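Accompanying notes for the structure given below.
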There are 4 protein chains.
Amino acid sequence: MQFDNSPQAIYLQIVDYVCEKLLLKQWTIEDKIPSVREMAVKMEVNPNTVARAYDFLKQQSIIYDKRGIGYFISPEGLNNTISYRKQEFAEKELPGIFRTMYLLDVELDDLKTEFEKFKELYAKNQKLF
Amino acid sequence: MQFDNSPQAIYLQIVDYVCEKLLLKQWTIEDKIPSVREMAVKMEVNPNTVARAYDFLKQQSIIYDKRGIGYFISPEGLNNTISYRKQEFAEKELPGIFRTMYLLDVELDDLKTEFEKFKELYAKNQKLF
Amino acid sequence: MQFDNSPQAIYLQIVDYVCEKLLLKQWTIEDKIPSVREMAVKMEVNPNTVARAYDFLKQQSIIYDKRGIGYFISPEGLNNTISYRKQEFAEKELPGIFRTMYLLDVELDDLKTEFEKFKELYAKNQKLF
Amino acid sequence: MQFDNSPQAIYLQIVDYVCEKLLLKQWTIEDKIPSVREMAVKMEVNPNTVARAYDFLKQQSIIYDKRGIGYFISPEGLNNTISYRKQEFAEKELPGIFRTMYLLDVELDDLKTEFEKFKELYAKNQKLF
DNA sequence: GTGGTCTAGACCACC
DNA sequence: GTGGTCTAGACCACA
């Protein structure tokens, strides 16, 4: 995996990677996630960077640690992930989206049909994403 | 202006720059836009890159050229800009937005109040953006 | 300043140092606190360690940062400090205190007179502490 | 047992170890306590250090020695332990506790409910401590 | 093995 | 100058 030219900090990309796993139900409550060192090898980054990401996720109560054993998805992991990501979406993405929609005179209702189609398609083919 | 770490090709960023000027009504029909060389200096890029952007905009009938004089906003410039940008929005941005909303269980209706607030605020303070 | 033989992590000792300044009203709302590098020199530790402490305090909303300028005491800084320290006191100190009191058969009421005396004395001579 | 990073002198930690045994009723009047050499092995310290601790306890009339046989809990051992520890608590711990409580605006009455809960829990599970 | 902490030194963007 | 991020490599306590 490579992160080089992204504007997002690497440790936050690792945070998002874990969040995606949860949102896609690929990881669930009490699952052990890769150790700091494993993830560092997989992501080709310094272990410190992974540790920083995991520390961030721990503070969000998305994961917790058992010292000397590893990190695990916490019971409220999925809910906290959704909360965290909703806030990120509202603060970092929505303003840009709204601005574009405003300038192009697009209304939310104009997107309804397409969103419904998307949801249907996505639900069927989730494994492909 | 700097483009270094953006994922978007530089010439497309210049395309967007011109589109924004039109959407914000800062440039309008028959306005002369900066020459290729002027824009190249302003954007700190190679003139060839600007030429490529202007060529792209010409193909979209957003600008036209008078040989030896310069480039001008075409009569259908604003409409074509909106069409172009709507297509870009639908193809490049919407899928990601829909995916996020789906995973976070956010509905379009959940955004209505905020969008109205945004539009109100934006209309007032457009000069600031 | 030296931290070598304390069981507490250095970055948490720096956290406590800042908290004390707030609790003693030596630093107050909107005060600029020493820069990461200044504090690192003062405390004789690596700047990364100070950065970690400041990051912790930022997450507690005790301080906030202005990029390129420095860190400042946030408006809710004192309250959040008290909340944070109350929790630490309850979790880390109280159990040991209660155990000692239980084994020595000391009741809370037995301490009342002394606590009142302490408060009176402390309020007068706070500058000395 | 290890003492490395504790701020307390090692011989005083051994003193406290003996006191704890008495307070927890694990040792009682006329019990023979471990010999200096046994204790030195157990605590992984120099026998001189243990001797210093036992001498201190003898001066407090908590233990007494029968030449050539060993050290024993003295009849007033428990009471003297309590007296000794109460004084230590009042001189070494209370000031810090009072200072923290003062700065955090915590009153003794605020702790009553929790202390009662603690005592109840502790009385039940003493074997676990 | 695991996570937690710390140092040293580097580069970046922002002001 | 400021804070933010990242790497490299080290040592610790815990299990």
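Quick note on naming: the chains in the structure tokens go A, B, ... in the order shown, residues restart at 1 in each chain, and ligands are numbered from 1 in order of appearance.
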
Report task. From a DSSP calculation on the backbone, collect every residue of stretch 40-101 of chain B in strand (DSSP E or B) and output the set as a PyMOL selection string. Result -> chain B and resi 63-66+70-73

Mind writing the picked residues with N, CA and C atoms as a PDB file, in the first residue's frame?
```pdb
ATOM      1  N   ILE B  63     -15.243  28.802 -24.075  1.00  0.00           N
ATOM      2  CA  ILE B  63     -14.533  29.990 -24.582  1.00  0.00           C
ATOM      3  C   ILE B  63     -14.334  29.805 -26.093  1.00  0.00           C
ATOM      4  N   TYR B  64     -13.997  30.901 -26.754  1.00  0.00           N
ATOM      5  CA  TYR B  64     -13.626  30.812 -28.170  1.00  0.00           C
ATOM      6  C   TYR B  64     -12.434  31.726 -28.370  1.00  0.00           C
ATOM      7  N   ASP B  65     -11.740  31.580 -29.467  1.00  0.00           N
ATOM      8  CA  ASP B  65     -10.561  32.416 -29.664  1.00  0.00           C
ATOM      9  C   ASP B  65     -10.705  33.295 -30.892  1.00  0.00           C
ATOM     10  N   LYS B  66     -10.174  34.511 -30.773  1.00  0.00           N
ATOM     11  CA  LYS B  66     -10.002  35.362 -31.939  1.00  0.00           C
ATOM     12  C   LYS B  66      -8.510  35.365 -32.220  1.00  0.00           C
ATOM     13  N   GLY B  70      -6.957  36.952 -28.637  1.00  0.00           N
ATOM     14  CA  GLY B  70      -7.033  36.281 -27.353  1.00  0.00           C
ATOM     15  C   GLY B  70      -8.249  35.386 -27.237  1.00  0.00           C
ATOM     16  N   TYR B  71      -8.509  34.923 -25.999  1.00  0.00           N
ATOM     17  CA  TYR B  71      -9.644  34.049 -25.742  1.00  0.00           C
ATOM     18  C   TYR B  71     -10.754  34.839 -25.061  1.00  0.00           C
ATOM     19  N   PHE B  72     -12.023  34.458 -25.378  1.00  0.00           N
ATOM     20  CA  PHE B  72     -13.176  35.173 -24.847  1.00  0.00           C
ATOM     21  C   PHE B  72     -14.235  34.182 -24.376  1.00  0.00           C
ATOM     22  N   ILE B  73     -14.985  34.614 -23.416  1.00  0.00           N
ATOM     23  CA  ILE B  73     -16.103  33.797 -22.951  1.00  0.00           C
ATOM     24  C   ILE B  73     -17.153  33.745 -24.061  1.00  0.00           C
TER      25      ILE B  73
END
```

Report task. Quick one: everything within 12 Å of E:DG4, counting only C-alpha atoms (C1' of nucleotides), minus sequence neighbours fewer than 5 positions away in the same chain. Send it as a list in words. Result -> Val36, Asn48, Ala51, Arg52, Tyr54, Asp55, Asp65, Lys66, Arg67 and Gly68 of chain A; Gln8, Ala9, Ile10 and Tyr11 of chain C; DC11, DC12, DA13 and DC14 of chain F

Store the residues picked out above in a file with N, CA and C atoms (P, O5', C5', C4', C3', O3' and C1' of nucleotides), as a JSON list (two decimals), in the first residue's frame.
```
[["chain", "number", "residue", "atom", "x", "y", "z"],
["A", 36, "VAL", "N", 0.50, -3.47, 15.66],
["A", 36, "VAL", "CA", 1.16, -2.26, 15.15],
["A", 36, "VAL", "C", 2.23, -2.62, 14.14],
["A", 48, "ASN", "N", 5.69, 3.72, 14.28],
["A", 48, "ASN", "CA", 5.20, 4.87, 15.04],
["A", 48, "ASN", "C", 3.95, 5.47, 14.41],
["A", 51, "ALA", "N", 1.09, 3.32, 15.24],
["A", 51, "ALA", "CA", 0.78, 3.50, 16.67],
["A", 51, "ALA", "C", -0.04, 4.77, 16.87],
["A", 52, "ARG", "N", 0.32, 5.80, 16.12],
["A", 52, "ARG", "CA", -0.41, 7.05, 16.24],
["A", 52, "ARG", "C", -1.86, 6.89, 15.77],
["A", 54, "TYR", "N", -3.60, 4.07, 15.73],
["A", 54, "TYR", "CA", -4.31, 3.22, 16.70],
["A", 54, "TYR", "C", -4.62, 4.02, 17.97],
["A", 55, "ASP", "N", -3.70, 4.88, 18.36],
["A", 55, "ASP", "CA", -3.95, 5.71, 19.53],
["A", 55, "ASP", "C", -5.16, 6.61, 19.29],
["A", 65, "ASP", "N", -7.10, -1.65, 23.72],
["A", 65, "ASP", "CA", -5.91, -2.49, 23.69],
["A", 65, "ASP", "C", -5.83, -3.36, 24.93],
["A", 66, "LYS", "N", -5.31, -4.56, 24.72],
["A", 66, "LYS", "CA", -4.88, -5.39, 25.84],
["A", 66, "LYS", "C", -3.37, -5.40, 25.78],
["A", 67, "ARG", "N", -2.77, -4.84, 26.80],
["A", 67, "ARG", "CA", -1.30, -4.72, 26.81],
["A", 67, "ARG", "C", -0.65, -6.08, 26.63],
["A", 68, "GLY", "N", 0.31, -6.13, 25.72],
["A", 68, "GLY", "CA", 1.04, -7.35, 25.48],
["A", 68, "GLY", "C", 0.31, -8.34, 24.61],
["C", 8, "GLN", "N", 5.48, 7.91, 36.15],
["C", 8, "GLN", "CA", 4.57, 8.56, 35.21],
["C", 8, "GLN", "C", 5.31, 8.88, 33.91],
["C", 9, "ALA", "N", 4.64, 8.67, 32.79],
["C", 9, "ALA", "CA", 5.25, 9.02, 31.50],
["C", 9, "ALA", "C", 5.57, 10.51, 31.47],
["C", 10, "ILE", "N", 6.68, 10.84, 30.83],
["C", 10, "ILE", "CA", 7.12, 12.23, 30.81],
["C", 10, "ILE", "C", 6.06, 13.14, 30.20],
["C", 11, "TYR", "N", 5.45, 12.68, 29.10],
["C", 11, "TYR", "CA", 4.48, 13.57, 28.44],
["C", 11, "TYR", "C", 3.29, 13.85, 29.34],
["F", 11, "DC", "P", 18.89, -0.34, 23.45],
["F", 11, "DC", "O5'", 17.80, -0.13, 24.60],
["F", 11, "DC", "C5'", 17.76, 1.09, 25.32],
["F", 11, "DC", "C4'", 16.45, 1.12, 26.10],
["F", 11, "DC", "C3'", 16.19, -0.17, 26.88],
["F", 11, "DC", "O3'", 16.06, 0.13, 28.26],
["F", 11, "DC", "C1'", 14.27, 0.50, 25.64],
["F", 12, "DC", "P", 15.92, -1.06, 29.34],
["F", 12, "DC", "O5'", 14.37, -1.01, 29.67],
["F", 12, "DC", "C5'", 13.77, 0.20, 30.13],
["F", 12, "DC", "C4'", 12.25, 0.05, 30.15],
["F", 12, "DC", "C3'", 11.79, -1.23, 30.82],
["F", 12, "DC", "O3'", 11.34, -0.93, 32.13],
["F", 12, "DC", "C1'", 10.58, -0.79, 28.78],
["F", 13, "DA", "P", 11.00, -2.12, 33.14],
["F", 13, "DA", "O5'", 9.46, -2.42, 32.84],
["F", 13, "DA", "C5'", 8.53, -1.34, 32.82],
["F", 13, "DA", "C4'", 7.14, -1.89, 32.53],
["F", 13, "DA", "C3'", 6.78, -3.15, 33.33],
["F", 13, "DA", "O3'", 5.40, -3.10, 33.63],
["F", 13, "DA", "C1'", 6.78, -3.65, 31.01],
["F", 14, "DC", "P", 4.73, -4.22, 34.54],
["F", 14, "DC", "O5'", 3.94, -5.11, 33.48],
["F", 14, "DC", "C5'", 3.02, -4.47, 32.61],
["F", 14, "DC", "C4'", 2.58, -5.45, 31.54],
["F", 14, "DC", "C3'", 2.16, -6.82, 32.11],
["F", 14, "DC", "O3'", 0.85, -7.08, 31.65],
["F", 14, "DC", "C1'", 3.61, -7.06, 30.27]]
```

Could you give me, as CSV, every chain E residue with an atom at most 9 Å from chain C, plus its closest atom pair and distance in Å to one decimal, counting only C-alpha atoms (C1' of nucleotides), rows ordered by chain then number?
```
residue,atom,partner,partner_atom,distance
E:DT5,C1',C:Ala9,CA,7.2
E:DC6,C1',C:Thr49,CA,7.2
E:DT7,C1',C:Asn46,CA,6.3
E:DA8,C1',C:Asn46,CA,8.2
E:DA13,C1',C:Gly68,CA,8.8
E:DC14,C1',C:Gly68,CA,5.3
E:DC15,C1',C:Gly68,CA,5.4
```

When you look at B:Ser61 with a cut-off of 8 Å (counting only C-alpha atoms (C1' of nucleotides)), what residues show up, excluding the ones that are within fewer than 5 positions of it in the same chain? I need them as a tab-separated table (two decimals) with C-alpha atoms, in the first residue's frame.
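Result saved to out13.tsv:
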```tsv
chain	number	residue	atom	x	y	z
B	74	SER	CA	-18.56	32.41	-25.49
B	76	GLU	CA	-23.19	29.83	-24.20
B	77	GLY	CA	-20.20	29.85	-21.87
B	80	ASN	CA	-21.89	24.94	-21.07
```

**Report entry** Residue neighbourhood B:Tyr17, 12 Å, only C-alpha atoms (C1' of nucleotides), exclusion window fewer than 4 positions, as a PyMOL selection string
**Finding:** chain B and resi 1+3+10-13+21-24+26-27+33-34+39+42-43+50+53-54+57+81+85

Using N, CA and C atoms, can you write the selected residues to a file as an mmCIF file, in the first residue's frame?
```
data_model
loop_
_atom_site.group_PDB
_atom_site.id
_atom_site.type_symbol
_atom_site.label_atom_id
_atom_site.label_comp_id
_atom_site.auth_asym_id
_atom_site.auth_seq_id
_atom_site.Cartn_x
_atom_site.Cartn_y
_atom_site.Cartn_z
ATOM 1 N N MET B 1 -0.157 30.538 -7.012
ATOM 2 C CA MET B 1 -0.969 29.318 -6.940
ATOM 3 C C MET B 1 -0.091 28.071 -7.071
ATOM 4 N N PHE B 3 0.005 23.622 -7.271
ATOM 5 C CA PHE B 3 -0.782 22.448 -7.628
ATOM 6 C C PHE B 3 -0.155 21.139 -7.171
ATOM 7 N N ILE B 10 -2.960 19.125 -13.766
ATOM 8 C CA ILE B 10 -2.852 20.573 -13.628
ATOM 9 C C ILE B 10 -3.738 21.297 -14.642
ATOM 10 N N TYR B 11 -3.751 20.806 -15.901
ATOM 11 C CA TYR B 11 -4.538 21.536 -16.897
ATOM 12 C C TYR B 11 -6.022 21.534 -16.547
ATOM 13 N N LEU B 12 -6.476 20.464 -15.885
ATOM 14 C CA LEU B 12 -7.882 20.413 -15.479
ATOM 15 C C LEU B 12 -8.143 21.348 -14.305
ATOM 16 N N GLN B 13 -7.131 21.581 -13.520
ATOM 17 C CA GLN B 13 -7.299 22.551 -12.438
ATOM 18 C C GLN B 13 -7.452 23.954 -13.015
ATOM 19 N N LYS B 21 -14.708 31.074 -12.202
ATOM 20 C CA LYS B 21 -14.869 32.504 -12.498
ATOM 21 C C LYS B 21 -16.224 32.759 -13.152
ATOM 22 N N LEU B 22 -16.609 31.838 -14.044
ATOM 23 C CA LEU B 22 -17.888 31.980 -14.731
ATOM 24 C C LEU B 22 -19.041 31.747 -13.771
ATOM 25 N N LEU B 23 -18.948 30.686 -12.982
ATOM 26 C CA LEU B 23 -20.047 30.333 -12.080
ATOM 27 C C LEU B 23 -20.244 31.425 -11.028
ATOM 28 N N LEU B 24 -19.162 32.076 -10.655
ATOM 29 C CA LEU B 24 -19.258 33.138 -9.661
ATOM 30 C C LEU B 24 -19.563 34.487 -10.308
ATOM 31 N N GLN B 26 -17.829 36.273 -12.041
ATOM 32 C CA GLN B 26 -16.723 37.228 -12.052
ATOM 33 C C GLN B 26 -16.263 37.466 -13.492
ATOM 34 N N TRP B 27 -16.494 36.492 -14.338
ATOM 35 C CA TRP B 27 -16.272 36.670 -15.772
ATOM 36 C C TRP B 27 -17.611 36.390 -16.456
ATOM 37 N N ILE B 33 -10.402 36.764 -21.468
ATOM 38 C CA ILE B 33 -9.741 36.130 -20.326
ATOM 39 C C ILE B 33 -8.229 36.282 -20.490
ATOM 40 N N PRO B 34 -7.465 36.059 -19.427
ATOM 41 C CA PRO B 34 -6.007 36.270 -19.519
ATOM 42 C C PRO B 34 -5.386 35.463 -20.659
ATOM 43 N N MET B 39 -1.643 33.841 -17.962
ATOM 44 C CA MET B 39 -2.141 32.782 -17.078
ATOM 45 C C MET B 39 -0.999 31.849 -16.635
ATOM 46 N N LYS B 42 0.817 33.598 -13.916
ATOM 47 C CA LYS B 42 -0.020 33.638 -12.715
ATOM 48 C C LYS B 42 -0.077 32.275 -12.025
ATOM 49 N N MET B 43 -0.255 31.232 -12.813
ATOM 50 C CA MET B 43 -0.403 29.896 -12.247
ATOM 51 C C MET B 43 0.952 29.217 -12.014
ATOM 52 N N VAL B 50 -1.320 25.655 -19.991
ATOM 53 C CA VAL B 50 -2.457 26.574 -20.097
ATOM 54 C C VAL B 50 -3.129 26.394 -21.454
ATOM 55 N N ALA B 53 -5.412 23.580 -21.451
ATOM 56 C CA ALA B 53 -6.643 23.873 -20.714
ATOM 57 C C ALA B 53 -7.586 24.711 -21.579
ATOM 58 N N TYR B 54 -7.044 25.737 -22.231
ATOM 59 C CA TYR B 54 -7.884 26.613 -23.060
ATOM 60 C C TYR B 54 -8.454 25.825 -24.234
ATOM 61 N N LEU B 57 -11.362 23.926 -22.996
ATOM 62 C CA LEU B 57 -12.514 24.811 -22.775
ATOM 63 C C LEU B 57 -13.140 25.219 -24.104
ATOM 64 N N THR B 81 -20.629 25.626 -19.135
ATOM 65 C CA THR B 81 -19.863 25.374 -17.915
ATOM 66 C C THR B 81 -20.689 24.553 -16.939
ATOM 67 N N ARG B 85 -19.737 20.914 -15.694
ATOM 68 C CA ARG B 85 -19.488 20.668 -14.276
ATOM 69 C C ARG B 85 -20.515 19.717 -13.670
#
```

Under the rule of at most 7 Å, produce a per-residue listing of chain C near chain D: chain, number, name, the closest pair of atoms, and the distance in Å, as JSON lines, using only C-alpha atoms.
```
{"residue": "C:Asn5", "atom": "CA", "partner": "D:Asn5", "partner_atom": "CA", "distance": 5.8}
{"residue": "C:Ser6", "atom": "CA", "partner": "D:Asn5", "partner_atom": "CA", "distance": 6.7}
{"residue": "C:Pro7", "atom": "CA", "partner": "D:Asn5", "partner_atom": "CA", "distance": 6.6}
{"residue": "C:Leu23", "atom": "CA", "partner": "D:Leu103", "partner_atom": "CA", "distance": 6.1}
{"residue": "C:Ile82", "atom": "CA", "partner": "D:Leu104", "partner_atom": "CA", "distance": 5.7}
{"residue": "C:Lys86", "atom": "CA", "partner": "D:Leu104", "partner_atom": "CA", "distance": 6.7}
{"residue": "C:Phe98", "atom": "CA", "partner": "D:Phe115", "partner_atom": "CA", "distance": 6.5}
{"residue": "C:Tyr102", "atom": "CA", "partner": "D:Lys119", "partner_atom": "CA", "distance": 6.8}
{"residue": "C:Leu103", "atom": "CA", "partner": "D:Leu23", "partner_atom": "CA", "distance": 6.0}
{"residue": "C:Leu104", "atom": "CA", "partner": "D:Ile82", "partner_atom": "CA", "distance": 5.7}
{"residue": "C:Leu108", "atom": "CA", "partner": "D:Leu108", "partner_atom": "CA", "distance": 6.4}
{"residue": "C:Phe115", "atom": "CA", "partner": "D:Phe98", "partner_atom": "CA", "distance": 6.5}
{"residue": "C:Lys119", "atom": "CA", "partner": "D:Tyr102", "partner_atom": "CA", "distance": 6.8}
```

Exercise answer, chain F residues close to chain A, 8 Å and only C-alpha atoms (C1' of nucleotides), as a PDB file with N, CA and C atoms (P, O5', C5', C4', C3', O3' and C1' of nucleotides), in the first residue's frame:
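Writing the result to part_16.pdb gives the following:
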```
ATOM      1  P    DT F   5      -0.861  16.175  12.232  1.00  0.00           P
ATOM      2  O5'  DT F   5       0.352  15.461  11.482  1.00  0.00           O
ATOM      3  C5'  DT F   5       0.538  15.716  10.104  1.00  0.00           C
ATOM      4  C4'  DT F   5       1.832  15.093   9.658  1.00  0.00           C
ATOM      5  C3'  DT F   5       1.938  13.583   9.953  1.00  0.00           C
ATOM      6  O3'  DT F   5       1.908  12.918   8.701  1.00  0.00           O
ATOM      7  C1'  DT F   5       3.980  14.740  10.391  1.00  0.00           C
ATOM      8  P    DC F   6       1.735  11.352   8.637  1.00  0.00           P
ATOM      9  O5'  DC F   6       3.242  10.843   8.657  1.00  0.00           O
ATOM     10  C5'  DC F   6       4.107  11.206   7.582  1.00  0.00           C
ATOM     11  C4'  DC F   6       5.534  10.820   7.919  1.00  0.00           C
ATOM     12  C3'  DC F   6       5.707   9.399   8.462  1.00  0.00           C
ATOM     13  O3'  DC F   6       6.168   8.580   7.387  1.00  0.00           O
ATOM     14  C1'  DC F   6       7.144  11.024   9.525  1.00  0.00           C
ATOM     15  P    DT F   7       6.534   7.037   7.649  1.00  0.00           P
ATOM     16  O5'  DT F   7       8.071   7.110   8.036  1.00  0.00           O
ATOM     17  C5'  DT F   7       8.974   7.793   7.162  1.00  0.00           C
ATOM     18  C4'  DT F   7      10.386   7.725   7.721  1.00  0.00           C
ATOM     19  C3'  DT F   7      10.801   6.314   8.189  1.00  0.00           C
ATOM     20  O3'  DT F   7      12.053   5.998   7.613  1.00  0.00           O
ATOM     21  C1'  DT F   7      11.187   7.917   9.909  1.00  0.00           C
ATOM     22  P    DC F  14       4.726  -4.223  34.541  1.00  0.00           P
ATOM     23  O5'  DC F  14       3.940  -5.108  33.477  1.00  0.00           O
ATOM     24  C5'  DC F  14       3.020  -4.465  32.605  1.00  0.00           C
ATOM     25  C4'  DC F  14       2.581  -5.451  31.544  1.00  0.00           C
ATOM     26  C3'  DC F  14       2.158  -6.817  32.107  1.00  0.00           C
ATOM     27  O3'  DC F  14       0.853  -7.082  31.650  1.00  0.00           O
ATOM     28  C1'  DC F  14       3.613  -7.060  30.267  1.00  0.00           C
ATOM     29  P    DA F  15      -0.003  -8.305  32.247  1.00  0.00           P
ATOM     30  O5'  DA F  15       0.143  -9.484  31.182  1.00  0.00           O
ATOM     31  C5'  DA F  15      -0.004  -9.218  29.783  1.00  0.00           C
ATOM     32  C4'  DA F  15       0.123 -10.535  29.027  1.00  0.00           C
ATOM     33  C3'  DA F  15      -0.104 -11.776  29.895  1.00  0.00           C
ATOM     34  O3'  DA F  15      -0.730 -12.780  29.117  1.00  0.00           O
ATOM     35  C1'  DA F  15       2.033 -11.878  28.940  1.00  0.00           C
TER      36       DA F  15
END
```

Query - DSSP alpha helix (DSSP H) residues within chain A, as a PyMOL selection string - result: chain A and resi 10-23+36-43+47-59+77-88+94-103+112-124

Query raised in the report: When you draw a straight line from atom CA of C:Lys117 to atom CA of C:Val18, how long is it in Å?
Result: 27.4 Å

Query - Pairwise distance for atom CA of A:Val41 and atom C1' of F:DA8, rounded to one decimal in Å - result: 14.3 Å

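For the atom pair formed by atom CA of B:Lys92 and atom CA of B:Asp110, the distance is 22.4 Å, given to one decimal.
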